[in-house]
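Shown next: final-v2.txt, containing compact mmCIF, C-alpha atoms and all ligand atoms.
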```
# COMPACT_ATOMS: atom_id res chain seq x y z
CA MET A 1 138.31 69.47 94.59
CA PRO A 2 142.02 70.53 94.52
CA TYR A 3 142.71 68.88 91.17
CA GLU A 4 146.20 70.31 90.69
CA SER A 5 147.45 69.21 94.09
CA VAL A 6 146.25 65.66 93.41
CA TYR A 7 148.38 65.47 90.25
CA LYS A 8 151.34 66.96 92.11
CA LYS A 9 151.07 64.47 94.96
CA LYS A 10 150.96 61.58 92.49
CA LEU A 11 154.01 62.97 90.71
CA ASP A 12 155.88 63.42 93.99
CA LYS A 13 155.34 59.75 94.76
CA ILE A 14 156.67 58.71 91.34
CA LYS A 15 159.71 60.95 91.88
CA GLN A 16 160.34 59.54 95.35
CA GLU A 17 160.37 56.07 93.81
CA ASN A 18 163.04 57.23 91.33
CA ARG A 19 160.88 56.32 88.39
CA TYR A 20 159.90 59.77 87.17
CA ARG A 21 160.22 59.58 83.40
CA GLU A 22 162.63 62.04 81.91
CA PHE A 23 162.55 62.12 78.14
CA ILE A 24 165.80 62.53 76.29
CA THR A 25 165.18 64.82 73.31
CA LEU A 26 167.04 63.68 70.21
CA SER A 27 167.67 64.63 66.61
CA ARG A 28 168.48 61.49 64.63
CA VAL A 29 169.81 62.86 61.39
CA VAL A 30 169.78 60.77 58.19
CA GLY A 31 173.24 59.42 57.37
CA ASN A 32 174.48 59.72 60.94
CA LEU A 33 173.16 56.60 62.74
CA PRO A 34 173.74 55.47 65.45
CA TYR A 35 174.67 58.99 66.54
CA ALA A 36 172.07 61.55 67.53
CA ILE A 37 172.12 65.08 68.86
CA TRP A 38 170.88 65.25 72.43
CA HIS A 39 169.10 68.57 73.12
CA SER A 40 169.24 69.03 76.86
CA ILE A 41 166.31 71.44 77.04
CA ASP A 42 166.52 72.30 80.78
CA ASP A 43 170.29 72.76 80.84
CA ASN A 44 170.34 74.46 77.46
CA PHE A 45 173.10 72.51 75.70
CA GLU A 46 173.51 70.07 72.84
CA LYS A 47 175.74 67.03 72.71
CA GLU A 48 176.38 64.26 70.22
CA VAL A 49 175.57 60.84 71.71
CA VAL A 50 175.61 57.23 70.54
CA VAL A 51 172.13 55.74 70.89
CA TRP A 52 172.16 52.27 72.46
CA CYS A 53 168.44 51.82 73.08
CA THR A 54 166.63 52.34 69.79
CA ASN A 55 163.88 50.03 68.57
CA ASP A 56 164.73 51.05 65.00
CA TYR A 57 166.74 47.83 65.13
CA LEU A 58 167.88 47.82 61.51
CA GLY A 59 167.92 51.57 60.88
CA MET A 60 165.14 51.16 58.30
CA SER A 61 163.61 54.51 59.33
CA HIS A 62 166.54 56.12 57.49
CA HIS A 63 166.92 53.64 54.63
CA PRO A 64 167.08 55.55 51.32
CA LYS A 65 164.52 53.28 49.65
CA VAL A 66 162.06 53.73 52.51
CA VAL A 67 162.59 57.49 52.71
CA ASP A 68 162.19 57.82 48.91
CA ALA A 69 159.01 55.72 48.98
CA PHE A 70 157.60 57.98 51.69
CA LYS A 71 158.51 61.14 49.75
CA GLU A 72 156.97 59.83 46.54
CA GLY A 73 153.89 58.61 48.39
CA ALA A 74 153.37 62.04 49.94
CA LEU A 75 153.83 63.78 46.58
CA THR A 76 151.34 61.42 44.92
CA TYR A 77 148.69 60.99 47.61
CA GLY A 78 149.20 63.93 49.99
CA ILE A 79 149.47 63.41 53.71
CA GLY A 80 146.24 62.38 55.43
CA SER A 81 144.06 59.47 54.32
CA GLY A 82 140.91 61.52 54.67
CA GLY A 83 138.82 59.18 56.78
CA THR A 84 138.27 56.00 58.69
CA ARG A 85 138.71 52.78 56.74
CA ASN A 86 134.93 52.52 56.36
CA ILE A 87 134.23 56.10 55.34
CA SER A 88 136.46 57.21 52.45
CA GLY A 89 139.76 56.37 54.23
CA THR A 90 140.69 53.09 52.54
CA VAL A 91 143.36 53.78 49.95
CA TYR A 92 145.09 51.43 47.55
CA PRO A 93 148.38 51.33 49.58
CA HIS A 94 146.47 49.97 52.61
CA ILE A 95 145.29 47.01 50.57
CA MET A 96 148.80 46.40 49.23
CA LEU A 97 150.23 46.52 52.77
CA GLU A 98 147.60 44.10 54.09
CA LYS A 99 148.46 41.69 51.28
CA GLN A 100 152.14 42.14 52.10
CA VAL A 101 151.80 41.18 55.77
CA ALA A 102 149.63 38.19 54.84
CA GLU A 103 152.34 37.07 52.41
CA LEU A 104 155.09 37.69 54.97
CA HIS A 105 153.49 35.21 57.37
CA GLY A 106 151.91 32.85 54.82
CA LYS A 107 148.37 33.73 55.98
CA GLU A 108 145.16 34.31 54.04
CA ALA A 109 144.69 37.92 55.13
CA GLY A 110 146.11 40.85 57.06
CA LEU A 111 144.59 43.84 58.82
CA LEU A 112 146.22 47.19 59.64
CA PHE A 113 145.92 49.10 62.92
CA SER A 114 147.35 52.46 63.95
CA SER A 115 149.93 50.76 66.19
CA GLY A 116 151.03 47.42 67.54
CA TYR A 117 149.33 48.42 70.79
CA ALA A 118 146.04 48.98 68.98
CA ALA A 119 146.38 45.66 67.11
CA ASN A 120 146.71 43.71 70.37
CA GLU A 121 144.08 45.65 72.23
CA GLY A 122 141.54 45.61 69.39
CA THR A 123 141.99 42.01 68.34
CA LEU A 124 142.07 40.42 71.79
CA SER A 125 139.09 42.35 73.13
CA THR A 126 137.09 41.57 69.97
CA LEU A 127 137.96 37.87 69.99
CA SER A 128 136.58 37.48 73.48
CA TYR A 129 133.14 38.54 72.19
CA ALA A 130 133.32 36.14 69.23
CA PHE A 131 133.06 33.03 71.38
CA GLU A 132 130.79 32.30 74.26
CA ASN A 133 132.87 31.53 77.38
CA LEU A 134 136.26 32.01 75.74
CA VAL A 135 139.12 31.30 78.15
CA ILE A 136 142.39 33.16 77.55
CA PHE A 137 145.76 31.81 78.73
CA SER A 138 148.26 34.66 78.81
CA ASP A 139 151.99 34.62 79.64
CA GLU A 140 152.75 36.82 82.68
CA LYS A 141 155.37 38.76 80.71
CA ASN A 142 153.02 39.76 77.89
CA HIS A 143 153.00 43.43 76.91
CA ALA A 144 150.66 46.03 78.43
CA SER A 145 148.65 46.14 75.18
CA ILE A 146 147.86 42.42 75.48
CA ILE A 147 146.87 42.84 79.12
CA GLN A 148 144.69 45.80 78.16
CA GLY A 149 143.07 43.88 75.28
CA ILE A 150 142.19 40.99 77.57
CA ARG A 151 140.83 43.38 80.23
CA ALA A 152 138.67 45.14 77.68
CA GLY A 153 137.03 41.85 76.68
CA ASN A 154 134.75 39.59 78.65
CA ALA A 155 136.74 36.35 78.53
CA GLN A 156 137.85 34.41 81.57
CA LYS A 157 141.65 34.55 81.87
CA HIS A 158 144.52 32.59 83.35
CA VAL A 159 147.91 34.28 83.60
CA PHE A 160 150.56 31.55 83.60
CA PRO A 161 154.16 31.91 84.87
CA HIS A 162 156.54 33.09 82.19
CA ASN A 163 157.21 30.37 79.58
CA ASP A 164 155.97 27.68 82.00
CA ILE A 165 154.60 25.03 79.66
CA THR A 166 153.82 22.61 82.52
CA VAL A 167 151.51 25.07 84.27
CA LEU A 168 149.97 26.08 80.96
CA GLU A 169 149.24 22.46 80.08
CA HIS A 170 147.67 21.90 83.50
CA LEU A 171 145.42 24.94 83.01
CA LEU A 172 144.42 23.91 79.48
CA GLY A 173 143.51 20.45 80.78
CA LEU A 174 140.92 21.95 83.14
CA TYR A 175 138.58 22.58 80.20
CA PRO A 176 136.82 20.17 77.82
CA LEU A 177 138.39 19.82 74.39
CA ASP A 178 135.53 21.65 72.68
CA HIS A 179 135.62 24.61 75.10
CA PRO A 180 136.92 27.74 73.26
CA LYS A 181 140.46 28.60 74.34
CA LEU A 182 143.09 31.11 73.27
CA ILE A 183 146.79 31.02 74.19
CA VAL A 184 148.53 34.41 73.97
CA VAL A 185 152.32 34.75 74.00
CA THR A 186 155.11 36.96 72.68
CA SER A 187 157.78 35.46 70.44
CA VAL A 188 160.66 37.68 71.62
CA TYR A 189 159.99 39.26 74.99
CA SER A 190 160.60 42.97 74.81
CA MET A 191 162.59 43.61 77.98
CA HIS A 192 164.42 40.39 78.83
CA GLY A 193 164.84 39.43 75.18
CA ASP A 194 164.13 35.72 75.68
CA PHE A 195 162.01 33.59 73.36
CA ALA A 196 158.67 31.85 73.80
CA PRO A 197 158.91 28.06 73.29
CA LEU A 198 156.89 28.34 70.08
CA GLU A 199 157.24 24.70 68.94
CA LYS A 200 155.92 23.40 72.26
CA LEU A 201 153.15 25.98 72.27
CA CYS A 202 152.08 24.85 68.80
CA GLU A 203 151.93 21.24 70.05
CA LEU A 204 149.89 22.26 73.08
CA SER A 205 147.45 24.35 71.10
CA LYS A 206 146.85 21.39 68.79
CA LYS A 207 146.54 18.88 71.64
CA TYR A 208 144.06 21.03 73.59
CA ASN A 209 142.23 22.44 70.57
CA ALA A 210 143.17 26.04 71.47
CA LEU A 211 143.82 29.02 69.23
CA LEU A 212 147.38 30.36 69.37
CA TYR A 213 148.08 34.12 69.18
CA VAL A 214 151.70 35.30 68.93
CA ASP A 215 152.96 38.89 69.27
CA GLU A 216 155.96 39.14 66.92
CA VAL A 217 156.51 42.88 67.41
CA HIS A 218 160.18 42.56 68.38
CA ALA A 219 160.94 39.83 65.87
CA VAL A 220 159.54 40.85 62.49
CA GLY A 221 162.18 42.12 60.09
CA LEU A 222 164.95 40.60 62.24
CA TYR A 223 164.29 36.86 62.53
CA GLY A 224 163.62 34.38 59.72
CA GLU A 225 164.97 34.27 56.19
CA HIS A 226 162.43 36.85 55.02
CA GLY A 227 162.04 38.73 58.29
CA GLY A 228 158.84 36.82 59.10
CA GLY A 229 159.79 36.67 62.79
CA LEU A 230 160.66 33.88 65.18
CA SER A 231 157.77 31.82 63.80
CA GLU A 232 159.44 31.86 60.37
CA HIS A 233 162.86 31.16 61.86
CA LEU A 234 161.49 28.06 63.62
CA GLY A 235 159.27 27.04 60.70
CA VAL A 236 156.02 27.10 62.71
CA ALA A 237 154.17 30.10 61.26
CA ASP A 238 151.60 27.80 59.62
CA GLN A 239 150.67 26.40 63.06
CA ILE A 240 149.97 29.80 64.60
CA ASP A 241 146.41 31.04 64.18
CA ILE A 242 147.00 34.75 64.64
CA ILE A 243 150.32 36.54 64.19
CA GLN A 244 150.43 40.11 65.43
CA GLY A 245 153.25 42.50 64.57
CA ASN A 246 154.14 46.11 64.08
CA PHE A 247 156.01 48.32 61.64
CA ALA A 248 157.71 50.56 64.21
CA LYS A 249 160.71 48.48 65.15
CA GLY A 250 162.39 46.23 62.55
CA TYR A 251 160.66 48.11 59.72
CA GLY A 252 161.40 51.62 61.05
CA VAL A 253 157.96 53.13 60.37
CA ILE A 254 154.77 53.00 62.51
CA GLY A 255 151.56 50.99 62.73
CA GLY A 256 150.50 47.49 63.67
CA TYR A 257 148.74 44.51 62.15
CA ILE A 258 147.38 41.02 62.52
CA ALA A 259 147.58 38.18 60.00
CA GLY A 260 145.37 35.10 60.03
CA THR A 261 142.52 33.39 58.22
CA ALA A 262 140.28 35.45 55.94
CA SER A 263 137.24 35.01 58.19
CA LEU A 264 139.10 35.89 61.39
CA VAL A 265 140.47 39.06 59.79
CA ASP A 266 137.07 39.92 58.33
CA TYR A 267 135.44 39.48 61.75
CA VAL A 268 137.98 41.74 63.49
CA ARG A 269 137.70 44.27 60.64
CA SER A 270 133.94 44.36 61.14
CA SER A 271 133.94 44.46 64.95
CA ALA A 272 137.06 45.96 66.58
CA SER A 273 136.20 49.40 67.89
CA ASN A 274 139.74 50.78 67.65
CA PHE A 275 139.93 49.65 64.02
CA ILE A 276 136.54 51.01 62.99
CA PHE A 277 136.42 54.36 64.77
CA THR A 278 139.79 55.86 63.92
CA THR A 279 141.36 57.60 60.94
CA SER A 280 143.41 55.24 58.80
CA MET A 281 147.16 55.26 58.20
CA PRO A 282 148.49 57.99 55.85
CA PRO A 283 148.98 56.48 52.38
CA ALA A 284 152.64 57.50 52.17
CA LEU A 285 153.35 55.63 55.40
CA ALA A 286 151.68 52.53 54.01
CA ILE A 287 153.84 52.79 50.87
CA ALA A 288 157.04 53.32 52.92
CA THR A 289 156.14 50.37 55.14
CA CYS A 290 155.48 48.10 52.15
CA THR A 291 158.87 49.09 50.76
CA SER A 292 160.61 48.32 54.05
CA ILE A 293 158.95 44.89 54.41
CA LYS A 294 159.65 43.96 50.78
CA TYR A 295 163.27 45.08 51.09
CA LEU A 296 163.81 42.96 54.19
CA MET A 297 162.06 39.99 52.58
CA GLU A 298 164.54 40.12 49.73
CA ASN A 299 167.77 41.33 51.41
CA ASN A 300 169.73 39.88 54.30
CA ARG A 301 172.52 42.46 54.57
CA GLU A 302 171.08 44.48 57.49
CA ARG A 303 170.10 41.31 59.36
CA GLU A 304 173.54 39.73 58.86
CA ILE A 305 175.42 42.76 60.17
CA LEU A 306 172.98 43.09 63.06
CA TRP A 307 173.52 39.50 64.17
CA GLU A 308 177.33 39.79 63.82
CA ASN A 309 177.15 42.84 66.07
CA VAL A 310 174.87 41.14 68.60
CA ASP A 311 177.34 38.27 68.75
CA ARG A 312 180.30 40.60 69.19
CA LEU A 313 178.62 42.55 71.97
CA LYS A 314 177.62 39.39 73.85
CA LYS A 315 181.06 37.78 73.48
CA LEU A 316 182.69 40.88 74.95
CA LEU A 317 180.15 41.14 77.76
CA GLU A 318 180.87 37.52 78.67
CA LYS A 319 184.46 38.48 79.41
CA THR A 320 183.37 41.07 81.98
CA ASP A 321 181.54 41.07 85.31
CA ILE A 322 178.76 43.19 83.88
CA PRO A 323 175.53 41.41 84.90
CA TYR A 324 173.27 40.71 81.93
CA ILE A 325 170.55 38.27 80.98
CA LYS A 326 171.72 35.48 78.67
CA ASN A 327 169.38 34.78 75.77
CA ASP A 328 169.51 33.85 72.09
CA GLY A 329 168.01 37.12 70.91
CA HIS A 330 169.08 40.61 69.96
CA ILE A 331 168.04 42.43 73.16
CA VAL A 332 170.68 42.64 75.89
CA ALA A 333 169.34 43.44 79.36
CA VAL A 334 171.97 44.62 81.86
CA THR A 335 170.46 44.02 85.28
CA ILE A 336 170.81 46.79 87.87
CA ASN A 337 167.86 45.85 90.13
CA ASN A 338 167.58 49.22 91.82
CA ALA A 339 165.72 52.26 90.51
CA LEU A 340 168.07 54.95 91.89
CA ASP A 341 171.24 53.16 90.76
CA CYS A 342 169.74 52.60 87.33
CA LYS A 343 168.83 56.27 86.97
CA ASN A 344 172.28 57.44 88.15
CA ILE A 345 174.12 55.00 85.88
CA CYS A 346 172.18 56.15 82.83
CA GLN A 347 172.76 59.81 83.71
CA ARG A 348 176.50 59.25 84.01
CA LEU A 349 176.60 57.30 80.75
CA ILE A 350 175.05 60.09 78.75
CA ARG A 351 176.75 63.02 80.48
CA GLU A 352 180.26 61.61 80.92
CA TYR A 353 180.52 59.14 78.02
CA GLY A 354 178.00 60.34 75.42
CA ILE A 355 176.22 56.97 75.57
CA TYR A 356 172.45 57.11 75.59
CA VAL A 357 170.54 54.29 77.29
CA GLN A 358 167.25 54.69 79.07
CA PRO A 359 166.67 53.35 82.60
CA ILE A 360 163.93 50.72 82.48
CA ASN A 361 161.85 50.76 85.63
CA TYR A 362 158.39 50.02 87.05
CA PRO A 363 155.81 49.51 85.55
CA THR A 364 157.73 48.35 82.45
CA VAL A 365 159.51 45.81 84.67
CA LYS A 366 158.76 44.72 88.24
CA ARG A 367 160.17 46.84 91.10
CA GLY A 368 163.65 45.56 91.94
CA GLU A 369 164.19 44.34 88.36
CA GLU A 370 165.34 47.71 86.97
CA MET A 371 167.62 47.34 83.99
CA ILE A 372 169.45 48.94 81.11
CA ARG A 373 168.09 47.55 77.88
CA LEU A 374 170.78 47.62 75.20
CA THR A 375 169.94 47.33 71.55
CA ILE A 376 172.62 47.26 68.92
CA THR A 377 172.12 48.05 65.24
CA PRO A 378 174.06 47.34 62.02
CA PHE A 379 175.53 50.85 62.39
CA HIS A 380 177.36 50.35 65.69
CA THR A 381 181.09 49.89 65.15
CA LYS A 382 183.59 47.71 66.99
CA SER A 383 185.07 50.75 68.73
CA MET A 384 181.61 51.87 69.88
CA ILE A 385 181.11 48.44 71.42
CA TYR A 386 184.45 48.66 73.27
CA GLU A 387 183.59 52.16 74.48
CA LEU A 388 180.22 50.95 75.75
CA ILE A 389 181.74 48.05 77.67
CA HIS A 390 184.42 50.27 79.16
CA ALA A 391 181.87 52.90 80.19
CA LEU A 392 179.51 50.30 81.70
CA GLN A 393 182.35 48.90 83.79
CA GLU A 394 183.23 52.37 85.01
CA VAL A 395 179.72 53.47 85.92
CA ILE A 396 178.53 50.17 87.41
CA TYR A 397 181.61 49.46 89.52
CA LYS A 398 183.23 52.81 90.24
CA PRO A 399 181.33 55.49 92.17
CA SER A 400 181.10 58.92 90.60
CA ASP A 401 183.08 61.90 91.97
CA ALA A 402 179.80 63.36 93.21
CA THR A 403 179.00 60.17 95.16
CA LEU A 404 182.51 60.13 96.66
CA LYS A 405 182.25 63.79 97.69
CA GLU A 406 178.87 63.14 99.26
CA ALA A 407 180.25 60.17 101.20
CA ALA A 408 183.37 62.09 102.39
C1 LIG B 1 155.69 43.10 72.82
C2 LIG B 1 155.07 44.38 72.34
N1 LIG B 1 153.87 44.32 71.75
C3 LIG B 1 153.28 45.44 71.30
C4 LIG B 1 153.87 46.67 71.41
C5 LIG B 1 153.19 47.89 70.90
O1 LIG B 1 153.68 48.23 69.64
P1 LIG B 1 153.58 49.75 69.09
O2 LIG B 1 154.77 50.47 69.63
O3 LIG B 1 153.58 49.60 67.62
O4 LIG B 1 152.30 50.29 69.61
C6 LIG B 1 155.14 46.78 72.01
C7 LIG B 1 155.79 48.10 72.11
O5 LIG B 1 156.92 48.29 72.37
C8 LIG B 1 155.74 45.60 72.51
O6 LIG B 1 156.94 45.66 73.12
```
Take the structure in this file and express it as structure tokens.
Ligand SMILES: Cc1ncc(COP(=O)(O)O)c(C=O)c1O
Amino acid sequence: MPYESVYKKKLDKIKQENRYREFITLSRVVGNLPYAIWHSIDDNFEKEVVVWCTNDYLGMSHHPKVVDAFKEGALTYGIGSGGTRNISGTVYPHIMLEKQVAELHGKEAGLLFSSGYAANEGTLSTLSYAFENLVIFSDEKNHASIIQGIRAGNAQKHVFPHNDITVLEHLLGLYPLDHPKLIVVTSVYSMHGDFAPLEKLCELSKKYNALLYVDEVHAVGLYGEHGGGLSEHLGVADQIDIIQGNFAKGYGVIGGYIAGTASLVDYVRSSASNFIFTTSMPPALAIATCTSIKYLMENNREREILWENVDRLKKLLEKTDIPYIKNDGHIVAVTINNALDCKNICQRLIREYGIYVQPINYPTVKRGEEMIRLTITPFHTKSMIYELIHALQEVIYKPSDATLKEAA
């Protein structure tokens, strides 16, 4: 079997489709956000760029309190946890962090996973084995980890059109009231930045006696008075059965979790393969994460500046022809709808303007829906926003010199 040539052929196809993933290598130095040094490894140069696509939405990965907590944690407990949760790898900071996420969402219990991906995959696959004949109703725009979790289970599934409550209600009505059902949605959708209609979903889950599972990965830390996510902002957290989140975005660390009733959490703890058979989170990370969550529960400063900046960016975009998706959230998706154009635009932005955004293409979005996903932080200044808008106008509407030469 010519193994190598098979890989190469597959890669050629990805390259032909202009969706070959080129990683931008960065150094994000403490005290210098939102700048980073771009190390162009192939071309052997370095350049300072402004990052416009980070998920470290509030810059908490560099917050002095979080960094200090991590340092102290490492000096006290060392680096590795030393085991799986079941075999010598449960440390005191894990328990504190699980209590913290339960408190954040007003739930009885919380459970840590190595990532948000693992939390979705592990919980959803495990839930499908808890009930005989569980039926899962999943929004078509749910994240790959949700899709993977549902696939790994044995439940029947219906994928409903994005945010389409009418279709969802029709599907729910096909089953008797006492038939086990689970609705799975995302509070803030990661690419288009729009919201799930959480209030209506809570009503439906009650009316049809279904469990409601909400992925709050892009919302925790940012939305709600204490950073409890969109469910806190809308005052519906108590009506959601399972809230899933992560620590890698708003909280600037890494890891994922679920929060729910004590028995649900205990069941997942005792059954989810990717929880049981993996080494637990390093203690210092758990301490840093706890610090970040607590800080954002008690302080609004980062959130306030973030939302002022989001507002400013959107108001300026409105005055231009730059095509972007209107939503109430913090993610701004500039629609390009062509893989090659998207790649070229992003290359020009970083090389000519020192603005780093990543082209978003298939399979993250559908083919033909390629986009530039902008994320602003509390550290972006007014002049950076103006420079971004100016550069976007130039690269979207004016062809590059290279393109002109080619055409001549
Ligand atoms: C909606 C959503 N859920 C889950 C995840 C996975 O989270 P993590 O990066 O912590 O694995 C992501 C990742 O970006 C996401 O966008």
Could you give me, as a list in words, the residues within 9 Å of Val265 of chain A, counting all atoms listed in the file and dropping anything in the same chain fewer than 6 positions from it?
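Surrounding residues, per the criterion: Glu108, Ala109, Gly110, Leu111, Ile258 and Ala259 of chain A.
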Return as a ChimeraX atom specification the residues of protein, DNA or RNA that approach ligand LIG 1 (chain B) to within 7 Å, with only C-alpha atoms and all ligand atoms taken into account.
/A:115-118,120,142-143,145,186,189-190,215,217-218,246-248,254-256
Rank nothing, just name the residue among A:Arg367, A:Arg301, A:Lys326, A:Arg28 nearest to Glu225 of chain A, using only C-alpha atoms.
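Distance minimum relative to Glu225 of chain A lands on A:Arg301.
Among A:Asn133, A:Asn361, A:Thr381, A:Ser400, the residue with the shortest atom-to-atom distance to Asn337 of chain A, counting all atoms listed in the file, is A:Asn361.
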Just give me the gap between atom CA of Ala219 of chain A and atom CA of Leu317 of chain A in Å, one decimal is fine.
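Interatomic distance, atom CA of Ala219 of chain A to atom CA of Leu317 of chain A: 22.6 Å.
When atom CA of Leu285 of chain A is paired with atom CA of Leu112 of chain A, their separation reads 11.8 Å.
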If I only want segment 121-128 of chain A, can you write it with all heavy atoms, as a compact mmCIF listing (two decimals), in the first residue's frame?
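Dumped everything to part36.txt:
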```
# COMPACT_ATOMS: atom_id res chain seq x y z
N GLU A 121 -18.31 15.85 24.14
CA GLU A 121 -18.25 14.49 23.61
C GLU A 121 -18.59 13.47 24.70
O GLU A 121 -19.42 12.58 24.51
CB GLU A 121 -16.85 14.23 23.05
CG GLU A 121 -16.75 12.95 22.27
CD GLU A 121 -15.31 12.66 21.88
OE1 GLU A 121 -14.38 12.97 22.66
OE2 GLU A 121 -15.12 12.09 20.79
N GLY A 122 -17.95 13.62 25.85
CA GLY A 122 -18.13 12.66 26.94
C GLY A 122 -19.53 12.68 27.50
O GLY A 122 -20.15 11.62 27.72
N THR A 123 -20.06 13.87 27.73
CA THR A 123 -21.38 13.95 28.38
C THR A 123 -22.48 13.47 27.44
O THR A 123 -23.34 12.68 27.84
CB THR A 123 -21.66 15.41 28.82
OG1 THR A 123 -20.56 15.85 29.59
CG2 THR A 123 -22.94 15.49 29.62
N LEU A 124 -22.44 13.93 26.19
CA LEU A 124 -23.54 13.58 25.28
C LEU A 124 -23.53 12.09 24.94
O LEU A 124 -24.59 11.46 24.91
CB LEU A 124 -23.47 14.43 24.01
CG LEU A 124 -23.84 15.90 24.28
CD1 LEU A 124 -23.47 16.79 23.10
CD2 LEU A 124 -25.32 16.04 24.62
N SER A 125 -22.35 11.52 24.74
CA SER A 125 -22.33 10.09 24.42
C SER A 125 -22.81 9.29 25.64
O SER A 125 -23.57 8.33 25.51
CB SER A 125 -20.93 9.64 23.98
OG SER A 125 -20.00 9.94 24.99
N THR A 126 -22.40 9.71 26.82
CA THR A 126 -22.78 8.98 28.04
C THR A 126 -24.27 9.08 28.32
O THR A 126 -24.91 8.10 28.71
CB THR A 126 -21.97 9.54 29.23
OG1 THR A 126 -20.60 9.42 28.91
CG2 THR A 126 -22.26 8.80 30.51
N LEU A 127 -24.83 10.28 28.09
CA LEU A 127 -26.27 10.46 28.36
C LEU A 127 -27.12 9.53 27.51
O LEU A 127 -28.16 9.05 27.95
CB LEU A 127 -26.68 11.91 28.09
CG LEU A 127 -26.41 12.92 29.20
CD1 LEU A 127 -26.84 14.31 28.77
CD2 LEU A 127 -27.14 12.50 30.48
N SER A 128 -26.65 9.29 26.27
CA SER A 128 -27.48 8.47 25.40
C SER A 128 -27.58 7.04 25.92
O SER A 128 -28.53 6.33 25.60
CB SER A 128 -26.97 8.52 23.96
OG SER A 128 -25.85 7.70 23.84
```
